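Peer 1: Here you go, model-v4.tsv (TSV, C-alpha atoms):
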```
chain	number	residue	atom	x	y	z
A	1	MET	CA	4.56	53.96	99.72
A	2	SER	CA	6.29	53.91	96.38
A	3	PRO	CA	4.49	52.14	93.54
A	4	GLU	CA	5.58	48.81	92.11
A	5	PRO	CA	8.32	48.89	89.47
A	6	ARG	CA	6.87	48.91	85.99
A	7	LEU	CA	8.10	48.22	82.50
A	8	VAL	CA	7.94	51.02	79.96
A	9	GLU	CA	8.53	50.60	76.27
A	10	VAL	CA	11.11	52.76	74.53
A	11	ARG	CA	12.72	52.44	71.13
A	12	ARG	CA	16.11	54.02	71.02
A	13	ASN	CA	18.87	53.12	68.64
A	14	VAL	CA	22.10	53.13	70.64
A	15	LEU	CA	24.15	54.35	67.68
A	16	LYS	CA	21.66	57.03	66.72
A	17	GLN	CA	24.08	59.85	67.45
A	18	ASN	CA	26.61	58.39	65.03
A	19	ASP	CA	23.96	57.62	62.43
A	20	VAL	CA	22.64	61.19	62.52
A	21	VAL	CA	26.11	62.63	61.92
A	22	ALA	CA	26.79	60.05	59.19
A	23	ARG	CA	23.57	60.94	57.42
A	24	ALA	CA	24.45	64.65	57.52
A	25	LEU	CA	27.91	63.86	56.16
A	26	ARG	CA	26.43	61.80	53.34
A	27	GLU	CA	24.19	64.72	52.38
A	28	ARG	CA	27.18	67.08	52.37
A	29	PHE	CA	29.20	64.67	50.24
A	30	ARG	CA	26.29	64.33	47.84
A	31	ALA	CA	25.83	68.10	47.57
A	32	ALA	CA	29.54	68.62	46.92
A	33	GLY	CA	29.64	65.80	44.37
A	34	VAL	CA	32.45	63.99	46.15
A	35	PHE	CA	32.52	60.19	46.07
A	36	VAL	CA	33.62	58.77	49.42
A	37	VAL	CA	35.31	55.40	49.81
A	38	SER	CA	36.27	53.91	53.16
A	39	LEU	CA	38.75	51.12	53.81
A	40	VAL	CA	38.60	48.55	56.59
A	41	SER	CA	40.96	45.65	57.23
A	42	SER	CA	43.06	44.01	59.89
A	43	PRO	CA	46.42	45.61	60.73
A	44	GLY	CA	49.11	44.77	58.19
A	45	SER	CA	46.84	43.88	55.28
A	46	GLY	CA	48.38	46.58	53.12
A	47	LYS	CA	45.75	49.32	53.44
A	48	THR	CA	48.24	52.16	53.35
A	49	ALA	CA	50.24	50.82	50.40
A	50	PHE	CA	46.99	50.19	48.56
A	51	LEU	CA	45.76	53.69	49.33
A	52	GLU	CA	49.06	55.28	48.32
A	53	LYS	CA	48.88	53.49	44.98
A	54	THR	CA	45.22	54.44	44.54
A	55	LEU	CA	45.87	58.12	45.24
A	56	THR	CA	48.90	58.20	42.94
A	57	LEU	CA	47.00	56.59	40.06
A	58	LEU	CA	43.88	58.73	40.46
A	59	ARG	CA	45.68	62.04	40.93
A	60	PRO	CA	46.35	62.80	37.25
A	61	SER	CA	42.63	62.54	36.38
A	62	TYR	CA	40.78	63.42	39.58
A	63	ARG	CA	40.95	65.69	42.58
A	64	VAL	CA	41.56	63.28	45.45
A	65	ALA	CA	42.18	63.48	49.19
A	66	ALA	CA	42.41	61.10	52.12
A	67	LEU	CA	41.74	60.85	55.83
A	68	VAL	CA	43.62	58.18	57.72
A	69	GLY	CA	42.73	56.82	61.12
A	70	ASP	CA	45.51	55.55	63.32
A	71	LEU	CA	45.76	54.78	67.02
A	72	ALA	CA	48.95	56.63	67.80
A	73	THR	CA	51.29	57.47	64.97
A	74	GLU	CA	51.24	59.76	62.00
A	75	ASN	CA	53.38	57.41	59.92
A	76	ASP	CA	50.58	56.57	57.53
A	77	ALA	CA	49.83	60.21	56.75
A	78	LEU	CA	53.52	60.85	56.15
A	79	ARG	CA	53.68	57.88	53.77
A	80	LEU	CA	50.55	58.97	51.95
A	81	ALA	CA	51.80	62.54	51.60
A	82	ARG	CA	54.25	61.10	49.06
A	83	SER	CA	51.33	60.70	46.69
A	84	GLN	CA	51.11	64.52	46.72
A	85	VAL	CA	47.43	64.76	47.55
A	86	PRO	CA	45.90	66.39	50.65
A	87	VAL	CA	46.07	63.88	53.53
A	88	LYS	CA	44.96	64.35	57.10
A	89	GLN	CA	45.59	62.03	60.01
A	90	ILE	CA	42.88	61.27	62.55
A	91	THR	CA	44.66	60.01	65.64
A	92	THR	CA	42.12	58.03	67.62
A	93	GLY	CA	44.20	57.47	70.77
A	94	THR	CA	42.98	54.20	72.21
A	95	LEU	CA	39.77	54.12	70.21
A	96	CYS	CA	39.69	51.11	67.90
A	97	HIS	CA	37.55	52.60	65.12
A	98	LEU	CA	36.56	55.84	63.44
A	99	GLU	CA	33.23	57.46	64.19
A	100	ALA	CA	31.28	59.84	61.99
A	101	ALA	CA	31.93	62.80	64.29
A	102	MET	CA	35.71	62.34	63.89
A	103	VAL	CA	35.34	62.46	60.13
A	104	GLU	CA	33.17	65.55	60.41
A	105	LYS	CA	35.73	67.29	62.60
A	106	ALA	CA	38.65	66.34	60.34
A	107	LEU	CA	36.83	67.85	57.36
A	108	GLU	CA	36.15	71.16	59.10
A	109	ASP	CA	38.64	73.18	57.12
A	110	TRP	CA	38.38	71.31	53.82
A	111	ASP	CA	36.34	72.52	50.89
A	112	LEU	CA	34.57	69.39	49.67
A	113	ASN	CA	33.54	71.12	46.46
A	114	GLN	CA	37.18	70.94	45.40
A	115	LEU	CA	37.19	67.12	45.50
A	116	ASP	CA	36.13	64.25	43.27
A	117	PHE	CA	37.20	61.45	45.62
A	118	LEU	CA	37.69	61.25	49.34
A	119	PHE	CA	39.23	58.11	50.82
A	120	ILE	CA	38.89	57.28	54.50
A	121	GLU	CA	41.25	54.69	55.94
A	122	ASN	CA	39.82	53.23	59.12
A	123	VAL	CA	41.90	51.95	62.03
A	124	GLY	CA	43.25	48.46	61.35
A	125	ASN	CA	40.54	46.33	62.96
A	126	LEU	CA	38.06	43.85	61.54
A	127	VAL	CA	35.60	44.04	64.42
A	128	CYS	CA	34.73	47.47	65.75
A	129	PRO	CA	34.48	49.57	62.55
A	130	SER	CA	31.56	47.45	61.35
A	131	SER	CA	29.06	49.19	63.64
A	132	TYR	CA	29.86	52.75	62.59
A	133	ASP	CA	28.52	54.40	59.46
A	134	LEU	CA	30.89	57.13	58.29
A	135	GLY	CA	28.67	58.49	55.55
A	136	GLU	CA	30.73	56.76	52.87
A	137	ASP	CA	29.36	55.72	49.47
A	138	LEU	CA	31.43	52.59	49.24
A	139	ARG	CA	33.10	50.52	51.93
A	140	LEU	CA	35.98	48.29	50.91
A	141	VAL	CA	37.15	45.42	53.08
A	142	LEU	CA	40.72	44.32	52.42
A	143	ILE	CA	42.32	40.98	53.11
A	144	SER	CA	45.84	40.07	52.11
A	145	VAL	CA	46.84	36.68	50.75
A	146	THR	CA	49.17	36.23	53.73
A	147	GLU	CA	46.25	36.34	56.16
A	148	GLY	CA	44.61	33.16	54.91
A	149	GLU	CA	41.37	32.37	53.12
A	150	ASP	CA	39.16	32.06	56.16
A	151	LYS	CA	39.10	35.73	57.22
A	152	PRO	CA	35.55	36.20	55.87
A	153	LEU	CA	34.27	33.31	58.00
A	154	LYS	CA	36.03	34.66	61.08
A	155	TYR	CA	34.72	38.21	60.60
A	156	PRO	CA	31.37	37.87	58.80
A	157	THR	CA	29.98	41.06	60.34
A	158	ILE	CA	32.56	43.37	58.79
A	159	PHE	CA	32.18	41.65	55.42
A	160	ASN	CA	28.47	42.18	55.72
A	161	SER	CA	28.89	45.86	56.43
A	162	ALA	CA	31.16	46.29	53.39
A	163	ASP	CA	30.28	46.62	49.69
A	164	VAL	CA	33.40	45.33	47.98
A	165	ALA	CA	36.18	42.90	48.94
A	166	ILE	CA	39.77	43.54	47.87
A	167	ILE	CA	42.36	40.78	48.08
A	168	THR	CA	45.77	42.44	48.37
A	169	LYS	CA	49.41	41.37	48.00
A	170	THR	CA	48.63	39.00	45.13
A	171	ASP	CA	52.35	39.04	44.26
A	172	LEU	CA	52.81	36.89	47.40
A	173	ALA	CA	49.95	34.47	46.64
A	174	ALA	CA	52.13	31.61	45.42
A	175	ALA	CA	54.54	31.87	48.35
A	176	ALA	CA	51.62	31.96	50.78
A	177	GLU	CA	49.94	29.05	48.94
A	178	PHE	CA	46.78	31.11	48.86
A	179	ASN	CA	43.69	29.12	47.91
A	180	TRP	CA	41.73	31.41	45.59
A	181	ASP	CA	38.70	29.14	45.27
A	182	ALA	CA	38.31	28.88	49.03
A	183	ALA	CA	38.71	32.65	49.41
A	184	PHE	CA	36.04	33.42	46.82
A	185	ALA	CA	33.70	30.78	48.26
A	186	ASN	CA	34.12	32.17	51.79
A	187	ILE	CA	33.42	35.73	50.69
A	188	GLN	CA	30.32	34.66	48.78
A	189	ALA	CA	29.14	32.58	51.76
A	190	VAL	CA	29.07	35.56	54.11
A	191	ARG	CA	28.09	38.18	51.52
A	192	PRO	CA	26.51	36.69	48.40
A	193	GLY	CA	27.04	38.80	45.30
A	194	MET	CA	29.90	40.84	46.77
A	195	PRO	CA	32.26	42.13	44.06
A	196	VAL	CA	35.84	40.94	44.62
A	197	PHE	CA	39.02	42.46	43.20
A	198	ARG	CA	42.47	41.00	43.53
A	199	LEU	CA	45.45	43.21	43.20
A	200	SER	CA	48.99	44.03	44.19
A	201	ALA	CA	49.83	47.60	45.16
A	202	LYS	CA	53.47	46.66	44.72
A	203	THR	CA	53.37	45.45	41.12
A	204	GLY	CA	50.22	47.34	40.13
A	205	GLU	CA	48.56	44.13	38.96
A	206	GLY	CA	44.76	44.38	39.14
A	207	MET	CA	44.75	48.08	40.09
A	208	GLU	CA	43.27	49.24	36.82
A	209	GLU	CA	40.23	47.00	36.99
A	210	TYR	CA	39.46	48.15	40.51
A	211	LEU	CA	39.97	51.84	39.66
A	212	GLN	CA	37.63	51.48	36.71
A	213	PHE	CA	35.01	50.03	39.00
A	214	VAL	CA	35.36	52.85	41.54
A	215	GLY	CA	35.36	55.46	38.75
A	216	GLY	CA	32.20	53.90	37.33
A	217	ARG	CA	30.47	54.00	40.70
A	218	MET	CA	31.38	57.67	41.07
A	219	ALA	CA	30.00	58.45	37.60
A	220	ASP	CA	26.78	56.57	38.46
A	221	LEU	CA	26.34	58.59	41.62
A	222	ARG	CA	26.93	61.87	39.87
A	223	SER	CA	24.54	61.09	37.04
A	224	SER	CA	21.86	59.99	39.53
A	225	ALA	CA	22.44	63.22	41.50
A	226	ALA	CA	22.10	65.26	38.30
A	227	VAL	CA	18.68	63.81	37.46
B	1	MET	CA	36.75	46.30	71.89
B	2	HIS	CA	34.26	49.10	71.38
B	3	GLU	CA	31.73	47.66	73.83
B	4	LEU	CA	32.68	50.16	76.52
B	5	SER	CA	31.77	53.13	74.36
B	6	ILE	CA	28.52	51.38	73.38
B	7	ALA	CA	27.80	50.71	77.06
B	8	MET	CA	28.44	54.36	77.87
B	9	SER	CA	25.93	55.40	75.22
B	10	ILE	CA	23.37	53.04	76.76
B	11	VAL	CA	24.00	54.49	80.22
B	12	ASP	CA	23.68	58.04	78.85
B	13	MET	CA	20.31	57.11	77.38
B	14	GLY	CA	19.26	55.54	80.67
B	15	LEU	CA	20.27	58.65	82.61
B	16	GLU	CA	18.34	60.83	80.22
B	17	GLU	CA	15.22	58.67	80.53
B	18	ALA	CA	15.56	58.55	84.32
B	19	GLN	CA	15.69	62.31	84.54
B	20	ARG	CA	12.87	62.84	82.09
B	21	ARG	CA	10.59	60.42	83.92
B	22	GLY	CA	11.73	61.35	87.40
B	23	ALA	CA	12.24	57.66	88.07
B	24	GLN	CA	14.95	55.22	88.94
B	25	ILE	CA	16.02	52.76	86.24
B	26	LEU	CA	16.17	49.21	87.51
B	27	THR	CA	16.65	47.34	84.25
B	28	VAL	CA	17.53	48.26	80.68
B	29	HIS	CA	16.29	45.85	78.01
B	30	LEU	CA	18.37	45.78	74.85
B	31	LYS	CA	17.89	44.03	71.52
B	32	LEU	CA	21.22	42.91	70.11
B	33	GLY	CA	21.42	41.62	66.55
B	34	ALA	CA	23.87	38.87	65.61
B	35	LEU	CA	25.27	41.29	63.01
B	36	SER	CA	25.49	44.32	65.29
B	37	GLY	CA	29.22	43.84	65.73
B	38	VAL	CA	28.82	43.88	69.50
B	39	VAL	CA	29.70	40.97	71.78
B	40	LYS	CA	27.14	40.32	74.50
B	41	GLU	CA	29.53	39.24	77.25
B	42	ALA	CA	31.86	42.18	76.68
B	43	LEU	CA	28.90	44.53	76.66
B	44	LEU	CA	27.55	43.17	79.96
B	45	SER	CA	30.81	43.69	81.81
B	46	SER	CA	31.32	47.07	80.16
B	47	TYR	CA	27.82	48.08	81.24
B	48	GLU	CA	28.63	47.49	84.88
B	49	MET	CA	31.72	49.67	84.56
B	50	ALA	CA	29.85	52.38	82.71
B	51	CYS	CA	27.19	52.51	85.44
B	52	GLU	CA	29.64	53.10	88.26
B	53	ASN	CA	29.09	56.37	90.11
B	54	THR	CA	26.03	57.22	88.06
B	55	ALA	CA	22.33	57.11	88.92
B	56	LEU	CA	22.24	53.77	87.06
B	57	GLN	CA	24.65	52.06	89.42
B	58	GLY	CA	23.15	48.73	90.45
B	59	SER	CA	20.85	48.57	87.43
B	60	ARG	CA	20.76	45.52	85.19
B	61	LEU	CA	21.22	45.19	81.47
B	62	VAL	CA	19.11	42.44	79.93
B	63	VAL	CA	20.18	41.50	76.43
B	64	GLU	CA	17.84	39.81	74.00
B	65	GLU	CA	19.88	38.32	71.18
B	66	VAL	CA	18.26	38.71	67.78
B	67	PRO	CA	19.09	36.10	65.12
B	68	VAL	CA	19.66	37.03	61.50
B	69	VAL	CA	16.64	36.82	59.24
B	70	VAL	CA	17.06	37.13	55.47
B	71	PHE	CA	14.62	37.37	52.59
B	72	CYS	CA	14.87	34.47	50.17
B	73	PRO	CA	14.13	35.70	46.62
B	74	GLN	CA	13.41	32.13	45.51
B	75	CYS	CA	10.92	31.19	48.22
B	76	GLN	CA	9.68	34.79	48.47
B	77	ALA	CA	9.81	34.33	52.22
B	78	GLN	CA	11.71	35.45	55.29
B	79	ARG	CA	14.06	32.83	56.69
B	80	SER	CA	16.28	32.58	59.75
B	81	ILE	CA	19.77	31.59	58.71
B	82	ARG	CA	21.57	28.92	60.69
B	83	SER	CA	24.90	30.74	60.88
B	84	VAL	CA	26.27	34.18	60.07
B	85	GLN	CA	28.90	32.35	58.04
B	86	TRP	CA	26.34	31.10	55.57
B	87	PHE	CA	23.99	33.62	53.99
B	88	SER	CA	21.71	31.33	52.11
B	89	CYS	CA	18.14	30.13	52.45
B	90	PRO	CA	18.01	27.14	54.85
B	91	VAL	CA	15.10	25.70	52.82
B	92	CYS	CA	16.14	25.99	49.17
B	93	GLY	CA	19.81	26.97	49.47
B	94	THR	CA	19.59	30.18	47.41
B	95	PRO	CA	22.29	32.68	48.45
B	96	THR	CA	20.90	36.00	49.65
B	97	SER	CA	22.28	39.21	51.13
B	98	GLU	CA	18.92	40.75	51.82
B	99	ILE	CA	18.97	41.17	55.57
B	100	VAL	CA	15.60	41.70	57.24
B	101	GLN	CA	16.73	41.53	60.84
B	102	GLY	CA	19.94	41.06	62.82
B	103	LYS	CA	21.64	44.46	62.95
B	104	GLU	CA	19.69	45.72	65.98
B	105	LEU	CA	21.41	47.62	68.73
B	106	GLU	CA	18.42	49.11	70.39
B	107	VAL	CA	17.10	49.89	73.85
B	108	VAL	CA	13.53	48.58	73.75
B	109	ALA	CA	12.26	48.81	77.32
B	110	LEU	CA	13.09	50.05	80.79
B	111	GLU	CA	12.00	48.78	84.15
B	112	ILE	CA	11.49	51.84	86.28
B	113	GLN	CA	10.67	52.67	89.86
B	114	GLU	CA	8.77	55.93	90.24
```
Starting from the coordinates I provided, produce the structure as structure tokens.
Peer 2:
Amino acid sequence: MSPEPRLVEVRRNVLKQNDVVARALRERFRAAGVFVVSLVSSPGSGKTAFLEKTLTLLRPSYRVAALVGDLATENDALRLARSQVPVKQITTGTLCHLEAAMVEKALEDWDLNQLDFLFIENVGNLVCPSSYDLGEDLRLVLISVTEGEDKPLKYPTIFNSADVAIITKTDLAAAAEFNWDAAFANIQAVRPGMPVFRLSAKTGEGMEEYLQFVGGRMADLRSSAAV
Amino acid sequence: MHELSIAMSIVDMGLEEAQRRGAQILTVHLKLGALSGVVKEALLSSYEMACENTALQGSRLVVEEVPVVVFCPQCQAQRSIRSVQWFSCPVCGTPTSEIVQGKELEVVALEIQE
């Protein structure tokens, strides 16, 4: 006769496989001295325009490159190639987010020692990317003024997984009747102390402040690595 | 909707444990934090799909939802927050991002038949 069913304790993190790869990536990035920034947002928030502007402005002073996640097309990579920096597309098929292993694979033939900054644009999605560590140093969450002020309250988990909030398309704020106070309050409600930058990739307004911040974080990391 | 790939990872773990223990898995117990980014209902239906045609077919997934607990720097105490839309101490109102609990996505126990 078979024994009674019994309960056994285990402790297994479901995302361990991803976390292990992400940790290894982070160590590689650290060793190569490359500062890695990832971008998450909903579709249409202006991630690609923002990234194109970022790459173009950083290129004269830094060695920069980008990975872009997209479900099906390579349009984003083609657009970003205009900034004349190395860009590689990660086509995820039907997968709604990037995972650390995809980043690892995409970097196979890149020499990280030749880079100061690596940007990783996630698939446009404010839900799924929150669970997956990509080994990045800084995660930016973008919302555009045309999306409304309540995005942080609707997607608190992704805001919680991110380090910095960027409000994009500020040139459209007046037309969209964007309520800045409500936006700031909502961000601080779900992630107290989160730095917020507002900018327009189109006019360039606010880009400098944000780039200074990112540059400062990179310098901090490098000086802490040098100690 | 990434619950299916999460469910498949859970099933893979279950299969591994079943083989290692030479037992059948009847139930998988999972802790699911409110900030895990995973929706319980979607995970439960995905789990059933992921189990199909595997040794875990017919097994159950039992999800224990874990609320968010933060550390309040003012009270110097751990507090459960009332809502994931409001990261502040429910007692004194101090905002805090120091998360103590609520990101879990962890298999914690298995009911097995040897």
Peer 1: At a cut-off of 10 Å, can you tabulate as JSON lines every residue of region 94-156 of chain A near region 212-217 of chain A together with its closest atom pair and the distance in Å to one decimal, using only C-alpha atoms and ordering rows by chain then number?
Peer 2:
```
{"residue": "A:Asp116", "atom": "CA", "partner": "A:Gly215", "partner_atom": "CA", "distance": 9.9}
{"residue": "A:Phe117", "atom": "CA", "partner": "A:Gly215", "partner_atom": "CA", "distance": 9.3}
{"residue": "A:Asp137", "atom": "CA", "partner": "A:Arg217", "partner_atom": "CA", "distance": 9.0}
{"residue": "A:Leu138", "atom": "CA", "partner": "A:Val214", "partner_atom": "CA", "distance": 8.6}
```
Peer 1: What lies within 6 Å of region 94-106 of chain B using only C-alpha atoms, ignoring chain neighbours under 5 positions off, as a ChimeraX atom specification?
Peer 2: /A:12-14,191-192 /B:30-36,66-71,87-89
Peer 1: Which polymer residues have any atom within 7 Å of an atom of Pro156 (chain A), counting all atoms listed in the file, with same-chain residues fewer than 6 positions away left out, as a list in words?
Peer 2: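 Result of the neighbour search: Val190 of chain A; Val84 and Gln85 of chain B.
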Peer 1: I'd like the interatomic distance between CA of Tyr62 (chain A) and CA of Phe159 (chain A), to a tenth of an Å.
Peer 2: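 The value is 28.3 Å.
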Peer 1: In Å to one decimal, how far is CA of Leu55 (chain A) from CA of Val145 (chain A)?
Peer 2: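 Calculated distance between CA of Val145 (chain A) and CA of Leu55 (chain A) is 22.2 Å.
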Peer 1: Counting all atoms listed in the file, figure out which residue out of A:Ser45, A:Asn125, A:Ser83, A:Gln89 gets nearest to chain B.
Peer 2: A:Asn125
Peer 1: I need the residue nearest Ser42 (chain A) from this list: A:Trp110, A:Phe197, A:Trp180, A:Tyr155. Use all atoms listed in the file for the distance.
Peer 2: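 Closest candidate: A:Tyr155.
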Peer 1: When the cut-off is 7 Å and we count all atoms listed in the file, which residues of chain A are near chain B, given as a ChimeraX atom specification?
Peer 2: /A:2-14,96,127-128,130-131,153,156-157,189-192
Peer 1: Would you output that residue set with C-alpha atoms, as a PDB file, in the coordinates of the input?
Peer 2:
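This went into again_8.pdb:
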```
ATOM      1  CA  SER A   2       6.290  53.910  96.380  1.00  0.00           C
ATOM      2  CA  PRO A   3       4.490  52.140  93.540  1.00  0.00           C
ATOM      3  CA  GLU A   4       5.580  48.810  92.110  1.00  0.00           C
ATOM      4  CA  PRO A   5       8.320  48.890  89.470  1.00  0.00           C
ATOM      5  CA  ARG A   6       6.870  48.910  85.990  1.00  0.00           C
ATOM      6  CA  LEU A   7       8.100  48.220  82.500  1.00  0.00           C
ATOM      7  CA  VAL A   8       7.940  51.020  79.960  1.00  0.00           C
ATOM      8  CA  GLU A   9       8.530  50.600  76.270  1.00  0.00           C
ATOM      9  CA  VAL A  10      11.110  52.760  74.530  1.00  0.00           C
ATOM     10  CA  ARG A  11      12.720  52.440  71.130  1.00  0.00           C
ATOM     11  CA  ARG A  12      16.110  54.020  71.020  1.00  0.00           C
ATOM     12  CA  ASN A  13      18.870  53.120  68.640  1.00  0.00           C
ATOM     13  CA  VAL A  14      22.100  53.130  70.640  1.00  0.00           C
ATOM     14  CA  CYS A  96      39.690  51.110  67.900  1.00  0.00           C
ATOM     15  CA  VAL A 127      35.600  44.040  64.420  1.00  0.00           C
ATOM     16  CA  CYS A 128      34.730  47.470  65.750  1.00  0.00           C
ATOM     17  CA  SER A 130      31.560  47.450  61.350  1.00  0.00           C
ATOM     18  CA  SER A 131      29.060  49.190  63.640  1.00  0.00           C
ATOM     19  CA  LEU A 153      34.270  33.310  58.000  1.00  0.00           C
ATOM     20  CA  PRO A 156      31.370  37.870  58.800  1.00  0.00           C
ATOM     21  CA  THR A 157      29.980  41.060  60.340  1.00  0.00           C
ATOM     22  CA  ALA A 189      29.140  32.580  51.760  1.00  0.00           C
ATOM     23  CA  VAL A 190      29.070  35.560  54.110  1.00  0.00           C
ATOM     24  CA  ARG A 191      28.090  38.180  51.520  1.00  0.00           C
ATOM     25  CA  PRO A 192      26.510  36.690  48.400  1.00  0.00           C
TER      26      PRO A 192
END
```
Peer 1: Using 5 Å of padding on each side, determine the axis-aligned box around all atoms of region 73-81 of chain B present in the file and give its centre and edge lengths in Å to one decimal, as AutoDock Vina command-line options.
Peer 2:
```
--center_x 14.7 --center_y 33.4 --center_z 52.6 --size_x 20.1 --size_y 14.5 --size_z 24.2
```
Peer 1: Name the residues within 12 Å of (24.2, 59.9, 62.4), counting all atoms listed in the file in the file's coordinates, and put them as JSON, numbers by chain.
Peer 2: {"A": [13, 14, 15, 16, 17, 18, 19, 20, 21, 22, 23, 24, 25, 26, 27, 99, 100, 101, 102, 103, 104, 131, 132, 133, 134, 135, 136]}
Peer 1: At what distance in Å, to one decimal, does CA of Asn160 (chain A) lie from CA of Ala77 (chain B)?
Peer 2: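 Taking CA of Ala77 (chain B) and CA of Asn160 (chain A), their separation equals 20.5 Å.
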